[in-house]
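J.: Right, I'll just put the structure down here and ask away after.
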Amino acid sequence: MSRQLSATDQWIGQFDSVLRTLVPHAAQASRPSPAGELPEASLSEVEREHTVGLMRINHTGEVCAQALYQGQGLTAKLPDTREQMERAAQEEIDHLAWCDARLQELDGRTSLLNPLFYAASFGLGAVAGAVGDRVSLGFVAATEEQVGKHLDEHLHELPAADRRSRAVLEQMCEDEAHHERWALEAGGMRFPLPVKLGMRLVSKAMTQSVYRL
Ligand SMILES: [Fe+2]
Ligand SMILES: [Fe+2]
């Protein structure tokens with residue numbers, strides 16, 4: 001009976017995580033946004049729309065990160081690193097909430113494609129976790145590296161005046177580099193270049209669709 005209850009609890013917890021990730025404004029950050037009291041920039045309409053597109057991509061990236069961590073949390077063993085993984089997942093919730101808040105401030109919305117990307121990333125995370133911890137941690141490291149590259153590009157592309165978005169992305173960049181280092185130190189395998197290039201292509205397709213949708 002207690003085993004049955006704990007399985008039910010697990011499913012409720014899982015469902016709660018799905019809702020918190022996918023329902024706009026539902027994610028609760030544990031740290032205040034790095035945008036803090038920085039002044040809002042006066043952007044032209046073109047600049048505002050471009051920034052919304054970029055922040056929407058970053059928000060979807062965080063939806064994928066959540067799904068990846070949740071998927072592998074379900075199947076991976078990770079006896080020594082589960083606590084660290086949960087801490088990283090909490091930091092991804094912060095990123096999710098900060099991007100969401102920034103989109104609201106810019107009068108933008110989150111991507112309509114998020115449920116699709118959530119499902120795909122959850123599946124990939126669960127498969128990687130089931131294959132083994134070395135692969136699953138390697139997948140985290142490769143994903144974080146990819147996200148870091150996107151963030152760098154976006155930091156160059158943001159309108160110079162938008163210090164609020166910049167502060168958010170800079171903190172995310174720092175956190176993602178930390179997650180990547182942790183996953184490698186915890187024993188994650190370094191994915192070969194062709195796999196990383198494949199991941200880069202998939203993420204390009206993702207960013208181009210989410211920029212608009
Ligand atoms: Fe993140
Ligand atoms: Fe991360």
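Going through the structure tokens in order, the chains are called A, B, and so on, while each chain numbers its residues from 1 and the ligands are numbered from 1 in the order shown.
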Please check which protein, DNA or RNA residues sit within 6 Å of ligand 2, counting only C-alpha atoms and all ligand atoms, and write them as a list in words.
T.: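 Written in the requested form, the residues are Glu92, Glu144, Glu176 and His179 of chain A.
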J.: Could you list the protein, DNA and RNA residues that have any atom within 9 Å of ligand 1, counting only C-alpha atoms and all ligand atoms, and write them as a PDB file with N, CA, C and O atoms, in the first residue's frame?
T.:
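Result file pocket-v8.pdb:
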```pdb
ATOM      1  N   ASN A  58      15.251  31.685 -25.237  1.00  0.00           N
ATOM      2  CA  ASN A  58      15.899  31.318 -23.966  1.00  0.00           C
ATOM      3  C   ASN A  58      14.912  30.666 -23.007  1.00  0.00           C
ATOM      4  O   ASN A  58      15.263  29.736 -22.283  1.00  0.00           O
ATOM      5  N   HIS A  59      13.682  31.168 -23.032  1.00  0.00           N
ATOM      6  CA  HIS A  59      12.653  30.563 -22.180  1.00  0.00           C
ATOM      7  C   HIS A  59      12.405  29.111 -22.598  1.00  0.00           C
ATOM      8  O   HIS A  59      12.357  28.209 -21.754  1.00  0.00           O
ATOM      9  N   GLY A  61      14.455  27.188 -24.141  1.00  0.00           N
ATOM     10  CA  GLY A  61      15.651  26.428 -23.752  1.00  0.00           C
ATOM     11  C   GLY A  61      15.538  25.953 -22.312  1.00  0.00           C
ATOM     12  O   GLY A  61      15.918  24.818 -21.983  1.00  0.00           O
ATOM     13  N   GLU A  62      14.989  26.784 -21.454  1.00  0.00           N
ATOM     14  CA  GLU A  62      14.836  26.415 -20.043  1.00  0.00           C
ATOM     15  C   GLU A  62      13.718  25.389 -19.842  1.00  0.00           C
ATOM     16  O   GLU A  62      13.797  24.543 -18.957  1.00  0.00           O
ATOM     17  N   VAL A  63      12.680  25.485 -20.675  1.00  0.00           N
ATOM     18  CA  VAL A  63      11.631  24.448 -20.652  1.00  0.00           C
ATOM     19  C   VAL A  63      12.276  23.099 -20.983  1.00  0.00           C
ATOM     20  O   VAL A  63      12.036  22.086 -20.305  1.00  0.00           O
ATOM     21  N   ALA A  65      15.439  22.303 -20.628  1.00  0.00           N
ATOM     22  CA  ALA A  65      16.341  21.911 -19.538  1.00  0.00           C
ATOM     23  C   ALA A  65      15.547  21.258 -18.406  1.00  0.00           C
ATOM     24  O   ALA A  65      15.940  20.211 -17.871  1.00  0.00           O
ATOM     25  N   GLN A  66      14.409  21.860 -18.058  1.00  0.00           N
ATOM     26  CA  GLN A  66      13.549  21.284 -17.019  1.00  0.00           C
ATOM     27  C   GLN A  66      13.135  19.867 -17.386  1.00  0.00           C
ATOM     28  O   GLN A  66      13.188  18.946 -16.578  1.00  0.00           O
ATOM     29  N   ALA A  88      20.796  21.856  -9.639  1.00  0.00           N
ATOM     30  CA  ALA A  88      20.888  22.418 -10.997  1.00  0.00           C
ATOM     31  C   ALA A  88      19.480  22.632 -11.567  1.00  0.00           C
ATOM     32  O   ALA A  88      19.194  23.665 -12.167  1.00  0.00           O
ATOM     33  N   ALA A  89      18.592  21.648 -11.334  1.00  0.00           N
ATOM     34  CA  ALA A  89      17.230  21.761 -11.852  1.00  0.00           C
ATOM     35  C   ALA A  89      16.525  22.969 -11.232  1.00  0.00           C
ATOM     36  O   ALA A  89      15.774  23.675 -11.903  1.00  0.00           O
ATOM     37  N   GLU A  91      17.991  25.697 -10.279  1.00  0.00           N
ATOM     38  CA  GLU A  91      18.541  26.898 -10.933  1.00  0.00           C
ATOM     39  C   GLU A  91      17.905  27.096 -12.305  1.00  0.00           C
ATOM     40  O   GLU A  91      17.700  28.221 -12.747  1.00  0.00           O
ATOM     41  N   GLU A  92      17.569  25.971 -12.968  1.00  0.00           N
ATOM     42  CA  GLU A  92      16.885  26.102 -14.268  1.00  0.00           C
ATOM     43  C   GLU A  92      15.484  26.679 -14.078  1.00  0.00           C
ATOM     44  O   GLU A  92      14.980  27.378 -14.950  1.00  0.00           O
ATOM     45  N   ILE A  93      14.851  26.384 -12.945  1.00  0.00           N
ATOM     46  CA  ILE A  93      13.530  26.971 -12.686  1.00  0.00           C
ATOM     47  C   ILE A  93      13.674  28.487 -12.515  1.00  0.00           C
ATOM     48  O   ILE A  93      12.853  29.261 -13.001  1.00  0.00           O
ATOM     49  N   ASP A  94      14.759  28.907 -11.839  1.00  0.00           N
ATOM     50  CA  ASP A  94      15.021  30.347 -11.722  1.00  0.00           C
ATOM     51  C   ASP A  94      15.110  30.966 -13.117  1.00  0.00           C
ATOM     52  O   ASP A  94      14.481  31.986 -13.399  1.00  0.00           O
ATOM     53  N   HIS A  95      15.907  30.317 -13.993  1.00  0.00           N
ATOM     54  CA  HIS A  95      16.090  30.855 -15.346  1.00  0.00           C
ATOM     55  C   HIS A  95      14.745  30.954 -16.070  1.00  0.00           C
ATOM     56  O   HIS A  95      14.461  31.939 -16.740  1.00  0.00           O
ATOM     57  N   LEU A  96      13.958  29.898 -15.912  1.00  0.00           N
ATOM     58  CA  LEU A  96      12.639  29.854 -16.552  1.00  0.00           C
ATOM     59  C   LEU A  96      11.785  31.038 -16.082  1.00  0.00           C
ATOM     60  O   LEU A  96      11.187  31.756 -16.881  1.00  0.00           O
ATOM     61  N   GLU A 144      24.299  21.781 -21.911  1.00  0.00           N
ATOM     62  CA  GLU A 144      24.670  23.047 -21.251  1.00  0.00           C
ATOM     63  C   GLU A 144      25.670  23.821 -22.109  1.00  0.00           C
ATOM     64  O   GLU A 144      25.613  25.047 -22.183  1.00  0.00           O
ATOM     65  N   VAL A 147      23.648  25.457 -24.809  1.00  0.00           N
ATOM     66  CA  VAL A 147      22.887  26.598 -24.273  1.00  0.00           C
ATOM     67  C   VAL A 147      23.830  27.783 -24.046  1.00  0.00           C
ATOM     68  O   VAL A 147      23.502  28.926 -24.371  1.00  0.00           O
ATOM     69  N   GLY A 148      25.018  27.502 -23.520  1.00  0.00           N
ATOM     70  CA  GLY A 148      26.010  28.557 -23.279  1.00  0.00           C
ATOM     71  C   GLY A 148      26.360  29.288 -24.571  1.00  0.00           C
ATOM     72  O   GLY A 148      26.473  30.514 -24.584  1.00  0.00           O
ATOM     73  N   MET A 172      22.568  33.592 -16.264  1.00  0.00           N
ATOM     74  CA  MET A 172      22.268  32.260 -16.799  1.00  0.00           C
ATOM     75  C   MET A 172      23.524  31.628 -17.386  1.00  0.00           C
ATOM     76  O   MET A 172      23.804  30.449 -17.166  1.00  0.00           O
ATOM     77  N   CYS A 173      24.294  32.446 -18.116  1.00  0.00           N
ATOM     78  CA  CYS A 173      25.536  31.970 -18.735  1.00  0.00           C
ATOM     79  C   CYS A 173      26.463  31.379 -17.663  1.00  0.00           C
ATOM     80  O   CYS A 173      27.037  30.300 -17.847  1.00  0.00           O
ATOM     81  N   ASP A 175      25.636  30.271 -14.660  1.00  0.00           N
ATOM     82  CA  ASP A 175      25.052  29.047 -14.078  1.00  0.00           C
ATOM     83  C   ASP A 175      25.226  27.851 -15.018  1.00  0.00           C
ATOM     84  O   ASP A 175      25.554  26.745 -14.577  1.00  0.00           O
ATOM     85  N   GLU A 176      25.007  28.081 -16.332  1.00  0.00           N
ATOM     86  CA  GLU A 176      25.082  26.952 -17.277  1.00  0.00           C
ATOM     87  C   GLU A 176      26.515  26.409 -17.349  1.00  0.00           C
ATOM     88  O   GLU A 176      26.710  25.198 -17.433  1.00  0.00           O
ATOM     89  N   HIS A 179      26.903  24.216 -14.471  1.00  0.00           N
ATOM     90  CA  HIS A 179      26.212  22.925 -14.648  1.00  0.00           C
ATOM     91  C   HIS A 179      27.030  22.000 -15.556  1.00  0.00           C
ATOM     92  O   HIS A 179      27.108  20.801 -15.321  1.00  0.00           O
TER      93      HIS A 179
END
```
J.: DSSP on the backbone: which residues in segment 22-139 of chain A end up as helix (DSSP H, G or I)? Give the answer as a PyMOL selection string.
T.: chain A and resi 22+45-75+82-105+114-131+133-139
J.: Take atom CA of Leu213 of chain A and atom CA of Leu112 of chain A and report the distance between them in Å, one decimal.
T.: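 These two atoms are separated by 5.9 Å.
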J.: Neighbours of segment 12-17 of chain A within 10 Å (only C-alpha atoms; same-chain residues fewer than 3 positions away dropped), as an NGL selection string?
T.: :A and (6-9 or 20-22 or 26-27 or 66-67 or 70-71 or 74)
J.: Just want the 8 Å neighbourhood of Leu184 of chain A, counted on only C-alpha atoms, with same-chain residues fewer than 4 positions away dropped. Output as JSON, numbers by chain.
T.: {"A": [137, 138, 141, 180, 188, 189, 190]}
J.: Quick one: write out the picked residues with N, CA and C atoms as a compact mmCIF listing (two decimals), in the first residue's frame?
T.:
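Below you can see selection.txt, which holds the result:
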```txt
# COMPACT_ATOMS: atom_id res chain seq x y z
N LEU A 137 24.79 12.10 -17.86
CA LEU A 137 25.53 13.28 -17.42
C LEU A 137 26.26 13.93 -18.61
N GLY A 138 26.72 13.10 -19.55
CA GLY A 138 27.35 13.63 -20.76
C GLY A 138 26.36 14.43 -21.58
N ALA A 141 25.99 17.77 -19.97
CA ALA A 141 27.15 18.62 -20.25
C ALA A 141 27.08 19.17 -21.68
N GLU A 180 27.61 22.59 -16.61
CA GLU A 180 28.40 21.78 -17.55
C GLU A 180 29.61 21.18 -16.82
N GLY A 188 30.36 12.51 -16.43
CA GLY A 188 29.70 12.54 -17.74
C GLY A 188 30.70 12.35 -18.86
N MET A 189 30.31 11.58 -19.88
CA MET A 189 31.22 11.38 -21.00
C MET A 189 31.23 12.62 -21.89
N ARG A 190 32.38 12.86 -22.53
CA ARG A 190 32.44 13.96 -23.50
C ARG A 190 31.93 13.43 -24.83
```
J.: Sorted by chain and rising residue number, list the residues of segment 124-181 of chain A at most 12 Å from segment 203-206 of chain A (counting only C-alpha atoms), each with its closest atom pair and distance in Å to one decimal, as CSV.
T.:
```
residue,atom,partner,partner_atom,distance
A:Ala142,CA,A:Ser203,CA,11.9
A:Thr143,CA,A:Ser203,CA,9.6
A:Glu144,CA,A:Ser203,CA,11.9
A:Glu145,CA,A:Ser203,CA,11.8
A:Gln146,CA,A:Ser203,CA,8.1
A:Val147,CA,A:Ser203,CA,9.0
A:Lys149,CA,A:Ser203,CA,10.8
A:His150,CA,A:Ser203,CA,9.2
```
J.: Excluding segment 156-163 of chain A and any residue of its chain fewer than 5 positions from it, enumerate the residues within 9 Å of it, using only C-alpha atoms, and give them as a ChimeraX atom specification.
T.: /A:35,38-43,47-48,50-51,54,151,168
J.: Those same residues, written as a tab-separated table (two decimals), in the first residue's frame with all heavy atoms?
T.:
```
chain	number	residue	atom	x	y	z
A	35	ALA	N	17.90	41.10	-13.04
A	35	ALA	CA	17.50	42.40	-13.60
A	35	ALA	C	17.27	43.41	-12.48
A	35	ALA	O	17.45	44.62	-12.67
A	35	ALA	CB	16.24	42.25	-14.45
A	38	LEU	N	17.44	47.47	-12.20
A	38	LEU	CA	17.99	48.14	-13.39
A	38	LEU	C	16.87	48.83	-14.17
A	38	LEU	O	15.76	48.29	-14.25
A	38	LEU	CB	18.68	47.10	-14.30
A	38	LEU	CG	20.03	46.57	-13.81
A	38	LEU	CD1	20.48	45.39	-14.67
A	38	LEU	CD2	21.08	47.68	-13.85
A	39	PRO	N	17.15	50.00	-14.74
A	39	PRO	CA	16.08	50.73	-15.44
A	39	PRO	C	15.66	50.04	-16.72
A	39	PRO	O	16.46	49.37	-17.37
A	39	PRO	CB	16.73	52.09	-15.75
A	39	PRO	CG	18.20	51.83	-15.75
A	39	PRO	CD	18.44	50.71	-14.79
A	40	GLU	N	14.40	50.19	-17.08
A	40	GLU	CA	13.87	49.65	-18.34
A	40	GLU	C	14.37	50.54	-19.48
A	40	GLU	O	14.33	51.76	-19.37
A	40	GLU	CB	12.34	49.65	-18.27
A	40	GLU	CG	11.63	48.98	-19.42
A	40	GLU	CD	12.01	47.50	-19.58
A	40	GLU	OE1	11.45	46.67	-18.86
A	40	GLU	OE2	12.87	47.21	-20.44
A	41	ALA	N	14.85	49.91	-20.56
A	41	ALA	CA	15.36	50.69	-21.71
A	41	ALA	C	14.19	51.14	-22.57
A	41	ALA	O	13.16	50.47	-22.60
A	41	ALA	CB	16.30	49.82	-22.53
A	42	SER	N	14.35	52.25	-23.25
A	42	SER	CA	13.31	52.59	-24.23
A	42	SER	C	13.76	52.04	-25.58
A	42	SER	O	14.74	52.50	-26.16
A	42	SER	CB	13.02	54.10	-24.26
A	42	SER	OG	14.07	54.77	-24.87
A	43	LEU	N	13.06	51.00	-26.02
A	43	LEU	CA	13.44	50.28	-27.25
A	43	LEU	C	12.50	50.68	-28.38
A	43	LEU	O	11.32	50.97	-28.14
A	43	LEU	CB	13.34	48.77	-27.02
A	43	LEU	CG	14.18	48.17	-25.89
A	43	LEU	CD1	13.84	46.68	-25.71
A	43	LEU	CD2	15.67	48.32	-26.17
A	47	GLU	N	13.39	46.70	-32.15
A	47	GLU	CA	14.28	46.18	-31.10
A	47	GLU	C	13.50	45.36	-30.08
A	47	GLU	O	13.95	44.30	-29.64
A	47	GLU	CB	14.98	47.33	-30.38
A	47	GLU	CG	16.07	48.01	-31.17
A	47	GLU	CD	16.66	49.21	-30.45
A	47	GLU	OE1	15.89	49.94	-29.78
A	47	GLU	OE2	17.87	49.43	-30.56
A	48	ARG	N	12.32	45.86	-29.72
A	48	ARG	CA	11.51	45.14	-28.73
A	48	ARG	C	11.13	43.76	-29.26
A	48	ARG	O	11.26	42.75	-28.57
A	48	ARG	CB	10.24	45.95	-28.38
A	48	ARG	CG	9.44	45.37	-27.21
A	48	ARG	CD	8.03	45.95	-27.12
A	48	ARG	NE	7.22	45.61	-28.26
A	48	ARG	CZ	6.55	44.47	-28.41
A	48	ARG	NH1	6.58	43.56	-27.47
A	48	ARG	NH2	5.85	44.23	-29.52
A	50	HIS	N	12.59	42.00	-31.56
A	50	HIS	CA	13.78	41.15	-31.66
A	50	HIS	C	14.14	40.59	-30.27
A	50	HIS	O	14.41	39.38	-30.12
A	50	HIS	CB	14.94	41.96	-32.23
A	50	HIS	CG	16.20	41.16	-32.42
A	50	HIS	ND1	16.24	39.97	-33.13
A	50	HIS	CD2	17.46	41.37	-31.97
A	50	HIS	CE1	17.47	39.49	-33.11
A	50	HIS	NE2	18.23	40.31	-32.41
A	51	THR	N	14.10	41.45	-29.26
A	51	THR	CA	14.44	41.00	-27.91
A	51	THR	C	13.43	39.97	-27.41
A	51	THR	O	13.81	38.98	-26.77
A	51	THR	CB	14.48	42.21	-26.94
A	51	THR	OG1	15.32	43.20	-27.52
A	51	THR	CG2	15.02	41.82	-25.59
A	54	LEU	N	14.34	36.68	-28.91
A	54	LEU	CA	15.51	36.07	-28.26
A	54	LEU	C	15.15	35.52	-26.88
A	54	LEU	O	15.53	34.39	-26.52
A	54	LEU	CB	16.63	37.11	-28.10
A	54	LEU	CG	17.25	37.68	-29.39
A	54	LEU	CD1	18.33	38.70	-29.05
A	54	LEU	CD2	17.83	36.58	-30.26
A	151	LEU	N	23.52	31.56	-25.49
A	151	LEU	CA	23.47	32.74	-24.61
A	151	LEU	C	24.53	33.76	-25.03
A	151	LEU	O	24.26	34.96	-25.08
A	151	LEU	CB	23.66	32.31	-23.15
A	151	LEU	CG	22.47	31.55	-22.54
A	151	LEU	CD1	22.86	30.97	-21.19
A	151	LEU	CD2	21.26	32.46	-22.38
A	168	VAL	N	20.03	39.22	-16.90
A	168	VAL	CA	19.45	37.87	-16.77
A	168	VAL	C	20.31	36.86	-17.53
A	168	VAL	O	20.70	35.81	-16.99
A	168	VAL	CB	17.98	37.84	-17.29
A	168	VAL	CG1	17.48	36.42	-17.43
A	168	VAL	CG2	17.07	38.64	-16.36
```
